[in-house]
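Raw contents of target.pdb, PDB, C-alpha atoms:
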MODEL        1
ATOM      1  CA  MET A  25     102.847 153.910 168.479
ATOM      2  CA  LYS A  26     105.284 152.140 170.795
ATOM      3  CA  ALA A  27     107.738 149.913 168.935
ATOM      4  CA  PHE A  28     107.077 146.222 169.450
ATOM      5  CA  LYS A  29     110.069 144.348 170.862
ATOM      6  CA  LEU A  30     109.843 140.588 171.009
ATOM      7  CA  GLU A  31     112.294 140.306 173.906
ATOM      8  CA  ASN A  32     110.351 142.809 176.030
ATOM      9  CA  GLU A  33     107.104 140.895 175.634
ATOM     10  CA  PRO A  34     106.154 137.889 177.701
ATOM     11  CA  LYS A  35     106.838 134.736 175.681
ATOM     12  CA  ILE A  36     104.182 134.306 173.016
ATOM     13  CA  LYS A  37     103.099 130.676 172.775
ATOM     14  CA  SER A  38     102.153 129.220 169.383
ATOM     15  CA  GLY A  39      98.643 128.510 170.690
ATOM     16  CA  PHE A  40      98.400 125.172 168.912
ATOM     17  CA  LYS A  41      96.559 122.378 170.727
ATOM     18  CA  THR A  42      95.834 118.772 169.910
ATOM     19  CA  PRO A  43      92.601 116.851 170.435
ATOM     20  CA  ASP A  44      92.435 115.109 173.836
ATOM     21  CA  HIS A  45      94.242 111.760 173.904
ATOM     22  CA  TYR A  46      95.542 112.376 170.367
ATOM     23  CA  PHE A  47      98.955 110.908 171.181
ATOM     24  CA  ASP A  48      97.514 107.874 173.008
ATOM     25  CA  GLY A  49      96.291 106.306 169.792
ATOM     26  CA  PHE A  50      98.913 107.739 167.500
ATOM     27  CA  SER A  51     101.496 104.966 167.558
ATOM     28  CA  ALA A  52      98.838 102.339 166.797
ATOM     29  CA  LYS A  53      97.751 104.404 163.787
ATOM     30  CA  VAL A  54     101.299 104.598 162.452
ATOM     31  CA  LEU A  55     101.983 100.888 162.966
ATOM     32  CA  GLN A  56      98.728 100.074 161.160
ATOM     33  CA  GLN A  57      99.803 102.266 158.209
ATOM     34  CA  ILE A  58     103.209 100.614 158.074
ATOM     35  CA  SER A  59     101.744  97.119 157.969
ATOM     36  CA  GLU A  60      99.187  98.170 155.319
ATOM     37  CA  ARG A  61     101.886  99.642 153.102
ATOM     38  CA  GLU A  62     104.065  96.576 153.523
ATOM     39  CA  VAL A  63     101.266  94.335 152.285
ATOM     40  CA  LYS A  64     100.662  96.580 149.297
ATOM     41  CA  VAL A  65     104.275  96.673 148.164
ATOM     42  CA  ILE A  66     104.637  93.377 146.294
ATOM     43  CA  PRO A  67     106.915  93.693 143.269
ATOM     44  CA  ILE A  68     104.902  92.869 140.163
ATOM     45  CA  TYR A  69     107.559  90.538 138.766
ATOM     46  CA  LYS A  70     107.307  88.320 141.826
ATOM     47  CA  ARG A  71     103.655  87.450 141.268
ATOM     48  CA  LYS A  72     103.187  84.108 139.567
ATOM     49  CA  GLU A  73      99.745  84.987 138.183
ATOM     50  CA  VAL A  74     101.074  88.102 136.495
ATOM     51  CA  ILE A  75     103.869  86.145 134.845
ATOM     52  CA  ALA A  76     101.446  83.450 133.655
ATOM     53  CA  MET A  77      99.085  86.098 132.246
ATOM     54  CA  LEU A  78     101.921  87.879 130.478
ATOM     55  CA  ALA A  79     103.116  84.607 128.922
ATOM     56  CA  ALA A  80      99.574  83.779 127.754
ATOM     57  CA  ALA A  81      99.182  87.232 126.222
ATOM     58  CA  VAL A  82     102.481  86.884 124.322
ATOM     59  CA  VAL A  83     101.420  83.471 122.951
ATOM     60  CA  VAL A  84      98.038  84.819 121.796
ATOM     61  CA  VAL A  85      99.655  87.786 120.062
ATOM     62  CA  ALA A  86     102.207  85.503 118.394
ATOM     63  CA  LEU A  87      99.444  83.216 117.115
ATOM     64  CA  MET A  88      97.554  86.182 115.704
ATOM     65  CA  ILE A  89     100.429  87.331 113.462
ATOM     66  CA  PRO A  90      99.915  84.902 110.524
ATOM     67  CA  VAL A  91      96.124  85.336 110.679
ATOM     68  CA  VAL A  92      96.362  89.122 110.544
ATOM     69  CA  ASN A  93      98.889  88.976 107.705
ATOM     70  CA  SER A  94      96.824  86.682 105.476
ATOM     71  CA  TYR A  95      93.656  88.659 106.231
ATOM     72  CA  ASN A  96      95.318  91.798 104.932
ATOM     73  CA  LYS A  97      96.599  90.060 101.802
ATOM     74  CA  THR A  98      93.190  88.786 100.678
ATOM     75  CA  LYS A  99      91.564  92.154 101.178
ATOM     76  CA  GLU A 100      94.056  94.321  99.339
ATOM     77  CA  LEU A 101      93.661  95.016  95.622
ATOM     78  CA  ASP A 102      96.300  96.908  93.817
ATOM     79  CA  GLU A 103      95.515  99.322  90.993
ATOM     80  CA  ALA A 104      97.101  97.223  88.270
ATOM     81  CA  THR A 105      94.980  94.171  89.091
ATOM     82  CA  LEU A 106      91.851  96.289  89.051
ATOM     83  CA  GLU A 107      92.708  97.815  85.714
ATOM     84  CA  THR A 108      93.478  94.472  84.124
ATOM     85  CA  TYR A 109      90.226  93.066  85.429
ATOM     86  CA  LEU A 110      88.193  95.986  84.159
ATOM     87  CA  SER A 111      89.735  95.978  80.708
ATOM     88  CA  TYR A 112      89.859  92.251  80.030
ATOM     89  CA  GLN A 113      87.491  90.415  82.303
ATOM     90  CA  SER A 114      84.423  92.540  82.692
ATOM     91  CA  ASN A 115      81.652  93.612  80.458
ATOM     92  CA  ILE A 116      81.918  97.220  81.467
ATOM     93  CA  ASN A 117      82.368  99.498  78.486
ATOM     94  CA  GLN A 118      83.096 103.183  78.087
ATOM     95  CA  TYR A 119      79.407 104.147  78.298
ATOM     96  CA  ASP A 120      78.859 102.262  81.546
ATOM     97  CA  LEU A 121      81.714 104.190  83.076
ATOM     98  CA  ILE A 122      80.403 107.506  81.761
ATOM     99  CA  ARG A 123      77.002 106.821  83.238
ATOM    100  CA  GLU A 124      78.584 106.364  86.697
ATOM    101  CA  LEU A 125      80.270 109.762  86.614
ATOM    102  CA  ASP A 126      78.631 112.705  88.331
ATOM    103  CA  THR A 127      79.297 116.433  87.848
ATOM    104  CA  LYS A 128      81.975 116.486  90.519
ATOM    105  CA  ASP A 129      83.924 113.677  88.873
ATOM    106  CA  ILE A 130      83.720 115.400  85.497
ATOM    107  CA  GLU A 131      85.008 118.641  86.969
ATOM    108  CA  GLU A 132      87.946 116.797  88.438
ATOM    109  CA  ILE A 133      88.730 115.098  85.175
ATOM    110  CA  ASN A 134      88.697 118.481  83.408
ATOM    111  CA  LYS A 135      91.106 119.869  85.940
ATOM    112  CA  ASN A 136      93.526 117.001  85.476
ATOM    113  CA  VAL A 137      93.569 117.115  81.696
ATOM    114  CA  VAL A 138      95.635 120.163  81.044
ATOM    115  CA  LEU A 139      97.232 119.642  77.692
ATOM    116  CA  GLU A 140     100.008 121.678  76.362
ATOM    117  CA  GLN A 141      99.493 123.146  72.941
ATOM    118  CA  GLU A 142     102.458 121.229  71.473
ATOM    119  CA  THR A 143     101.330 117.876  72.729
ATOM    120  CA  LEU A 144      97.898 118.517  71.314
ATOM    121  CA  GLU A 145      99.304 119.397  67.906
ATOM    122  CA  ASP A 146     101.543 116.315  67.886
ATOM    123  CA  VAL A 147      98.640 114.042  68.651
ATOM    124  CA  LEU A 148      96.431 115.617  66.054
ATOM    125  CA  SER A 149      99.042 115.590  63.308
ATOM    126  CA  SER A 150     100.008 111.978  63.923
ATOM    127  CA  ASN A 151      96.455 110.818  64.048
ATOM    128  CA  PRO A 152      95.176 109.625  60.676
ATOM    129  CA  ASN A 153      91.506 110.058  61.679
ATOM    130  CA  ILE A 154      91.844 113.727  62.445
ATOM    131  CA  GLU A 155      88.711 114.592  60.578
ATOM    132  CA  ASN A 156      86.637 112.137  62.535
ATOM    133  CA  LEU A 157      87.953 113.571  65.786
ATOM    134  CA  ILE A 158      87.140 117.107  64.750
ATOM    135  CA  SER A 159      83.616 116.195  63.755
ATOM    136  CA  GLU A 160      83.091 114.403  67.106
TER     137      GLU A 160
ATOM    138  CA  MET N  21     117.829 107.669 174.890
ATOM    139  CA  THR N  22     120.455 105.012 175.595
ATOM    140  CA  ASN N  23     123.395 104.412 173.345
ATOM    141  CA  GLU N  24     122.186 105.485 169.917
ATOM    142  CA  LYS N  25     124.068 102.856 167.898
ATOM    143  CA  GLU N  26     122.627 100.128 170.059
ATOM    144  CA  PHE N  27     119.158 101.577 169.672
ATOM    145  CA  ILE N  28     119.474 101.739 165.861
ATOM    146  CA  ALA N  29     120.590  98.108 165.865
ATOM    147  CA  GLN N  30     117.446  97.239 167.825
ATOM    148  CA  LEU N  31     115.341  99.142 165.286
ATOM    149  CA  LEU N  32     116.856  97.139 162.447
ATOM    150  CA  ASN N  33     116.643  93.741 164.123
ATOM    151  CA  PRO N  34     113.270  92.141 163.232
ATOM    152  CA  LYS N  35     113.018  90.612 166.733
ATOM    153  CA  THR N  36     113.356  93.880 168.647
ATOM    154  CA  GLN N  37     112.073  96.188 165.902
ATOM    155  CA  ASN N  38     108.515  96.641 167.141
ATOM    156  CA  THR N  39     109.402  97.500 170.724
ATOM    157  CA  ALA N  40     112.200  99.822 169.615
ATOM    158  CA  PHE N  41     109.970 101.608 167.117
ATOM    159  CA  GLN N  42     107.293 102.070 169.796
ATOM    160  CA  ALA N  43     109.932 103.682 172.009
ATOM    161  CA  LEU N  44     111.007 105.929 169.137
ATOM    162  CA  LEU N  45     107.386 106.935 168.543
ATOM    163  CA  SER N  46     106.652 107.791 172.139
ATOM    164  CA  GLU N  47     109.837 109.819 172.486
ATOM    165  CA  TYR N  48     109.516 111.835 169.288
ATOM    166  CA  GLN N  49     105.811 112.084 168.477
ATOM    167  CA  LYS N  50     105.212 115.235 170.543
ATOM    168  CA  PRO N  51     108.255 117.307 169.503
ATOM    169  CA  LEU N  52     107.868 116.282 165.858
ATOM    170  CA  TYR N  53     104.160 117.086 165.995
ATOM    171  CA  SER N  54     104.926 120.623 167.259
ATOM    172  CA  HIS N  55     107.590 121.050 164.597
ATOM    173  CA  ILE N  56     105.225 120.006 161.800
ATOM    174  CA  ARG N  57     102.244 121.887 163.227
ATOM    175  CA  ASN N  58     104.286 125.091 163.339
ATOM    176  CA  ILE N  59     104.919 124.681 159.602
ATOM    177  CA  VAL N  60     101.513 123.517 158.353
ATOM    178  CA  LEU N  61      99.479 125.341 161.073
ATOM    179  CA  ASN N  62      96.392 123.142 160.995
ATOM    180  CA  HIS N  63      95.885 120.000 163.120
ATOM    181  CA  ASP N  64      94.499 117.662 160.452
ATOM    182  CA  ASP N  65      97.345 118.435 158.078
ATOM    183  CA  ALA N  66      99.878 118.055 160.884
ATOM    184  CA  ASP N  67      98.366 114.657 161.727
ATOM    185  CA  ASP N  68      98.734 113.459 158.102
ATOM    186  CA  VAL N  69     102.277 114.746 157.780
ATOM    187  CA  LEU N  70     103.338 113.270 161.137
ATOM    188  CA  GLN N  71     102.039 109.834 160.148
ATOM    189  CA  ASN N  72     103.844 110.012 156.805
ATOM    190  CA  THR N  73     106.996 111.114 158.569
ATOM    191  CA  PHE N  74     107.047 108.073 160.865
ATOM    192  CA  VAL N  75     106.193 105.710 158.014
ATOM    193  CA  LYS N  76     109.138 107.118 156.044
ATOM    194  CA  VAL N  77     111.405 106.925 159.090
ATOM    195  CA  PHE N  78     110.508 103.235 159.377
ATOM    196  CA  GLN N  79     111.005 102.592 155.655
ATOM    197  CA  TYR N  80     114.345 104.392 155.396
ATOM    198  CA  LEU N  81     115.830 103.192 158.697
ATOM    199  CA  LYS N  82     117.830 100.525 156.893
ATOM    200  CA  ASN N  83     119.487 103.283 154.817
ATOM    201  CA  PHE N  84     120.298 105.386 157.886
ATOM    202  CA  LYS N  85     124.072 105.659 157.878
ATOM    203  CA  GLY N  86     124.474 107.123 161.342
ATOM    204  CA  GLU N  87     126.355 110.098 159.885
ATOM    205  CA  SER N  88     124.025 112.445 161.729
ATOM    206  CA  LYS N  89     122.071 111.904 164.926
ATOM    207  CA  LEU N  90     118.780 110.023 164.724
ATOM    208  CA  PHE N  91     117.104 113.117 166.182
ATOM    209  CA  SER N  92     118.267 115.488 163.443
ATOM    210  CA  TRP N  93     117.672 112.902 160.708
ATOM    211  CA  MET N  94     114.029 112.569 161.818
ATOM    212  CA  TYR N  95     113.560 116.328 162.065
ATOM    213  CA  ARG N  96     114.922 116.627 158.531
ATOM    214  CA  ILE N  97     112.416 114.097 157.211
ATOM    215  CA  ALA N  98     109.598 115.888 159.071
ATOM    216  CA  THR N  99     110.645 119.288 157.705
ATOM    217  CA  ASN N 100     110.837 117.995 154.131
ATOM    218  CA  GLU N 101     107.496 116.229 154.446
ATOM    219  CA  ALA N 102     105.808 119.354 155.834
ATOM    220  CA  LEU N 103     107.259 121.686 153.192
ATOM    221  CA  THR N 104     106.400 119.289 150.355
ATOM    222  CA  PHE N 105     102.893 118.941 151.758
ATOM    223  CA  LEU N 106     102.462 122.724 151.838
ATOM    224  CA  SER N 107     103.664 123.257 148.285
ATOM    225  CA  GLN N 108     101.461 120.428 146.981
ATOM    226  CA  LYS N 109      98.443 121.813 148.819
ATOM    227  CA  ALA N 110      99.116 125.301 147.448
ATOM    228  CA  LYS N 111      99.434 123.929 143.910
ATOM    229  CA  LEU N 112      96.190 121.958 144.277
ATOM    230  CA  ASN N 113      94.362 125.107 145.340
ATOM    231  CA  GLY N 114      96.052 127.265 142.694
ATOM    232  CA  LEU N 115      97.601 129.500 145.368
ATOM    233  CA  THR N 116     101.109 130.620 146.241
ATOM    234  CA  SER N 117     102.552 129.173 149.435
ATOM    235  CA  GLU N 118     102.198 132.563 151.159
ATOM    236  CA  ALA N 119      98.556 132.955 150.084
ATOM    237  CA  LEU N 120      97.769 129.464 151.361
ATOM    238  CA  GLN N 121      99.389 130.188 154.744
ATOM    239  CA  ASN N 122      97.469 133.474 155.033
ATOM    240  CA  LYS N 123      94.246 131.629 154.288
ATOM    241  CA  THR N 124      95.077 129.039 156.957
ATOM    242  CA  ILE N 125      95.753 131.843 159.461
ATOM    243  CA  ASP N 126      92.344 133.386 158.595
ATOM    244  CA  ASN N 127      90.801 130.049 159.541
ATOM    245  CA  LEU N 128      92.745 129.792 162.821
ATOM    246  CA  ARG N 129      90.191 131.863 164.719
ATOM    247  CA  ALA N 130      87.576 129.192 164.035
ATOM    248  CA  ASP N 131      89.986 126.310 164.689
ATOM    249  CA  THR N 132      89.003 124.231 167.710
ATOM    250  CA  TYR N 133      92.622 123.243 168.183
ATOM    251  CA  PHE N 134      93.970 126.782 168.300
ATOM    252  CA  ASP N 135      93.965 128.633 171.569
ATOM    253  CA  GLY N 136      95.352 132.035 170.760
ATOM    254  CA  ASP N 137      94.366 135.659 170.711
ATOM    255  CA  GLU N 138      95.148 138.636 168.483
ATOM    256  CA  ILE N 139      98.857 138.767 169.265
ATOM    257  CA  GLN N 140      99.341 135.120 168.289
ATOM    258  CA  ILE N 141      97.515 135.662 164.996
ATOM    259  CA  LYS N 142      99.514 138.816 164.305
ATOM    260  CA  LEU N 143     102.754 136.972 165.020
ATOM    261  CA  GLN N 144     101.759 134.220 162.564
ATOM    262  CA  ARG N 145     100.951 136.844 159.928
ATOM    263  CA  ALA N 146     104.340 138.449 160.469
ATOM    264  CA  ILE N 147     106.100 135.075 160.127
ATOM    265  CA  VAL N 148     104.420 134.401 156.771
ATOM    266  CA  THR N 149     106.082 137.498 155.294
ATOM    267  CA  LEU N 150     109.548 136.007 155.950
ATOM    268  CA  PRO N 151     111.541 133.901 153.468
ATOM    269  CA  GLU N 152     111.048 130.145 154.009
ATOM    270  CA  LYS N 153     114.406 129.528 155.692
ATOM    271  CA  GLN N 154     113.939 132.434 158.139
ATOM    272  CA  GLN N 155     110.454 131.144 158.956
ATOM    273  CA  LEU N 156     111.887 127.735 159.811
ATOM    274  CA  VAL N 157     114.716 129.160 161.919
ATOM    275  CA  PHE N 158     112.377 131.493 163.804
ATOM    276  CA  LYS N 159     109.828 128.777 164.551
ATOM    277  CA  MET N 160     112.454 126.278 165.665
ATOM    278  CA  LYS N 161     114.214 128.776 167.901
ATOM    279  CA  TYR N 162     111.300 130.783 169.299
ATOM    280  CA  PHE N 163     108.426 128.292 169.567
ATOM    281  CA  GLU N 164     110.232 124.962 169.776
ATOM    282  CA  GLU N 165     113.175 126.369 171.761
ATOM    283  CA  LEU N 166     115.728 124.189 169.998
ATOM    284  CA  LYS N 167     119.414 125.026 170.443
ATOM    285  CA  TYR N 168     121.307 126.624 167.550
ATOM    286  CA  GLU N 169     123.541 123.534 167.440
ATOM    287  CA  GLU N 170     120.501 121.306 167.010
ATOM    288  CA  ILE N 171     118.952 123.530 164.317
ATOM    289  CA  SER N 172     122.327 123.588 162.581
ATOM    290  CA  GLU N 173     122.381 119.783 162.425
ATOM    291  CA  ILE N 174     118.814 119.630 161.134
ATOM    292  CA  LEU N 175     119.053 122.327 158.467
ATOM    293  CA  GLY N 176     122.709 121.836 157.583
ATOM    294  CA  THR N 177     123.480 125.536 158.114
ATOM    295  CA  SER N 178     126.280 126.952 160.268
ATOM    296  CA  VAL N 179     125.419 128.296 163.732
ATOM    297  CA  GLY N 180     126.667 131.762 162.713
ATOM    298  CA  ALA N 181     124.371 131.897 159.688
ATOM    299  CA  LEU N 182     121.447 130.689 161.828
ATOM    300  CA  LYS N 183     122.024 133.430 164.415
ATOM    301  CA  ALA N 184     122.071 136.046 161.643
ATOM    302  CA  SER N 185     118.928 134.537 160.119
ATOM    303  CA  TYR N 186     117.095 134.586 163.467
ATOM    304  CA  HIS N 187     118.178 138.157 164.119
ATOM    305  CA  HIS N 188     116.821 139.287 160.714
ATOM    306  CA  ALA N 189     113.602 137.389 161.293
ATOM    307  CA  VAL N 190     113.049 139.039 164.709
ATOM    308  CA  LYS N 191     113.694 142.528 163.278
ATOM    309  CA  LYS N 192     111.221 142.002 160.416
ATOM    310  CA  ILE N 193     108.592 140.566 162.750
ATOM    311  CA  GLU N 194     108.928 143.488 165.172
ATOM    312  CA  LEU N 195     108.594 145.941 162.295
ATOM    313  CA  PHE N 196     105.521 144.127 160.959
ATOM    314  CA  VAL N 197     103.781 143.999 164.362
ATOM    315  CA  THR N 198     104.568 147.654 165.113
ATOM    316  CA  SER N 199     103.193 148.915 161.808
ATOM    317  CA  ASN N 200     100.118 146.671 161.567
TER     318      ASN N 200
ENDMDL
END
Represent the structure of the file as C-alpha cells.
Amino acid sequence: MKAFKLENEPKIKSGFKTPDHYFDGFSAKVLQQISEREVKVIPIYKRKEVIAMLAAAVVVVALMIPVVNSYNKTKELDEATLETYLSYQSNINQYDLIRELDTKDIEEINKNVVLEQETLEDVLSSNPNIENLISE
Amino acid sequence: MTNEKEFIAQLLNPKTQNTAFQALLSEYQKPLYSHIRNIVLNHDDADDVLQNTFVKVFQYLKNFKGESKLFSWMYRIATNEALTFLSQKAKLNGLTSEALQNKTIDNLRADTYFDGDEIQIKLQRAIVTLPEKQQLVFKMKYFEELKYEEISEILGTSVGALKASYHHAVKKIELFVTSN
C-alpha cells in the first residue's frame, strides 16, 4: 500500500459546517446570557430580606434555649431519686418486684451475681441467722 | 482591530461597552467557533462552549492585564472551556476522553453539520490517537492555519517545541492512515 503523505495530498478540510444564519443570531444569544447571569449574581449578604430572616431565626433560637433546658430537667430522673422513691415512698415490696420479673430478667440477674467463694463464706460466717438462710 | 489598548478601554467603559463587545463578538465568533468545534467535534457542544467562552470573556475583561494580546487570551479561554467540557462530558458518560471522541466521530456520518467523506473521518480517527497537546497543535496549524507565533502565544509553548510537536503529529497521522 502506498504510504500516505499529508503534504502530497490536497488540503483536507475539517468538514465542519454550521446551521444557516447561525452567526446572525449568536451575539444576541450571548448578550442575553450575560444579562441573565448578571441578574442572578446578587451577593446573599446584600439582600435585606435574607438579613431580616437570619436575625429572626437567631432570636427564635435564643428564646428556645431556656425552654429546652427546663423541659429536659423536668423529664430526667436519676437513679438515686428513683431508688429513694421506691424504698421509702411507695408501697412496692419485694414480692411485687419479683412478680414483674420474667425469665430473661432472672437469667440476667443470675449472670451478674457471680460470688467468689471467700465472699460467700465471709457473709455466711458473719450472719447470725445462718440456719434460717440454709433452710430457705 | 484598531489600537488594542484603546479597544480594551472601550470594553471596560460602561458607556461604550455594548458596542465594543458587539464588535469583539463579530470579529471573533467565527474563528473561535472553528477552534472549539475542532476540539469538541459536534455543533451543539461547540455552540454551548462558544457561548460560555464569550460570557467568561465578558466577566473576566476587568481582570485582563494586557500582558498578552486579546486574541491569544480569548483563544486560551476557549481552549480551556472546550477541554474542560470534554473531560466533564466523558466523566458523565463514564468514558475516557479518547473513547468519547471516537464515539463522537462514529456519529459524524449522521451529523447534519458535517460535510466530509472517508478521508476526513479517517483523519479525525488518526488525530484522536495523539496526545492532547499534539492534537491541539495539529488542529490549530493544519485546520485553522494559525501561525506558529500565534499558537505559541495561545499555548505558552516555544515555537521550536511547537514545530517538533507538529512534525511528530504529522508522522503519527500518516502512519495511522497508511496502516488503517
Mind listing as an MDAnalysis selection string which residues of chain N are within 10 Å of chain A, counting only C-alpha atoms? chainID N and resid 38 41:46 49:50 53:54 57:58 61:64 66:67 70:76 78:79 128 131:137 139:141 143:144 159 162:164 190:191 193:199
Pairwise distance for atom CA of Glu24 of chain N and atom CA of Glu87 of chain N, rounded to one decimal in Å: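 Atom-to-atom, atom CA of Glu24 of chain N and atom CA of Glu87 of chain N are spaced 11.8 Å apart.
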I'd like to see the residues matched by the PyMOL selection byres ((chain N and resi 88) around 12) on this file, and ideally I'd get them as a list in words.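 Matching residues under the PyMOL selection byres ((chain N and resi 88) around 12) are Glu24, Lys25, Phe84, Lys85, Gly86, Glu87, Lys89, Leu90, Phe91, Ser92, Trp93, Met94, Tyr95, Arg96, Glu170, Ser172, Glu173, Ile174, Leu175 and Gly176 of chain N.
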Quick one: residues within 8 Å of His188 of chain N, all atoms listed in the file, excluding same-chain residues fewer than 4 positions away - as a list in words? Gln154, Ala184 and Lys192 of chain N
Would you compute the distance between atom CA of Ala104 of chain A and atom CA of Asn117 of chain A? Give it in Å to one decimal.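 Atom CA of Asn117 of chain A lies 17.8 Å from atom CA of Ala104 of chain A.
Counting from atom CA of Ala40 of chain N, the distance to atom CA of Asn23 of chain N is 12.7 Å.
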Measuring between all atoms listed in the file, which one of N:Val77, N:Ile125, N:Leu120, N:Leu150 shows the shortest distance to Ala98 of chain N?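 Checking each of N:Val77, N:Ile125, N:Leu120, N:Leu150 against Ala98 of chain N, counting all atoms listed in the file, the winner is N:Val77.
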Compare N:Val60, N:His55, N:Arg145, N:Pro151 by their minimum atom-to-atom distance to Leu106 of chain N, counting all atoms listed in the file, and give me the closest one.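 Residue with the minimum atom-to-atom distance to Leu106 of chain N: N:Val60.
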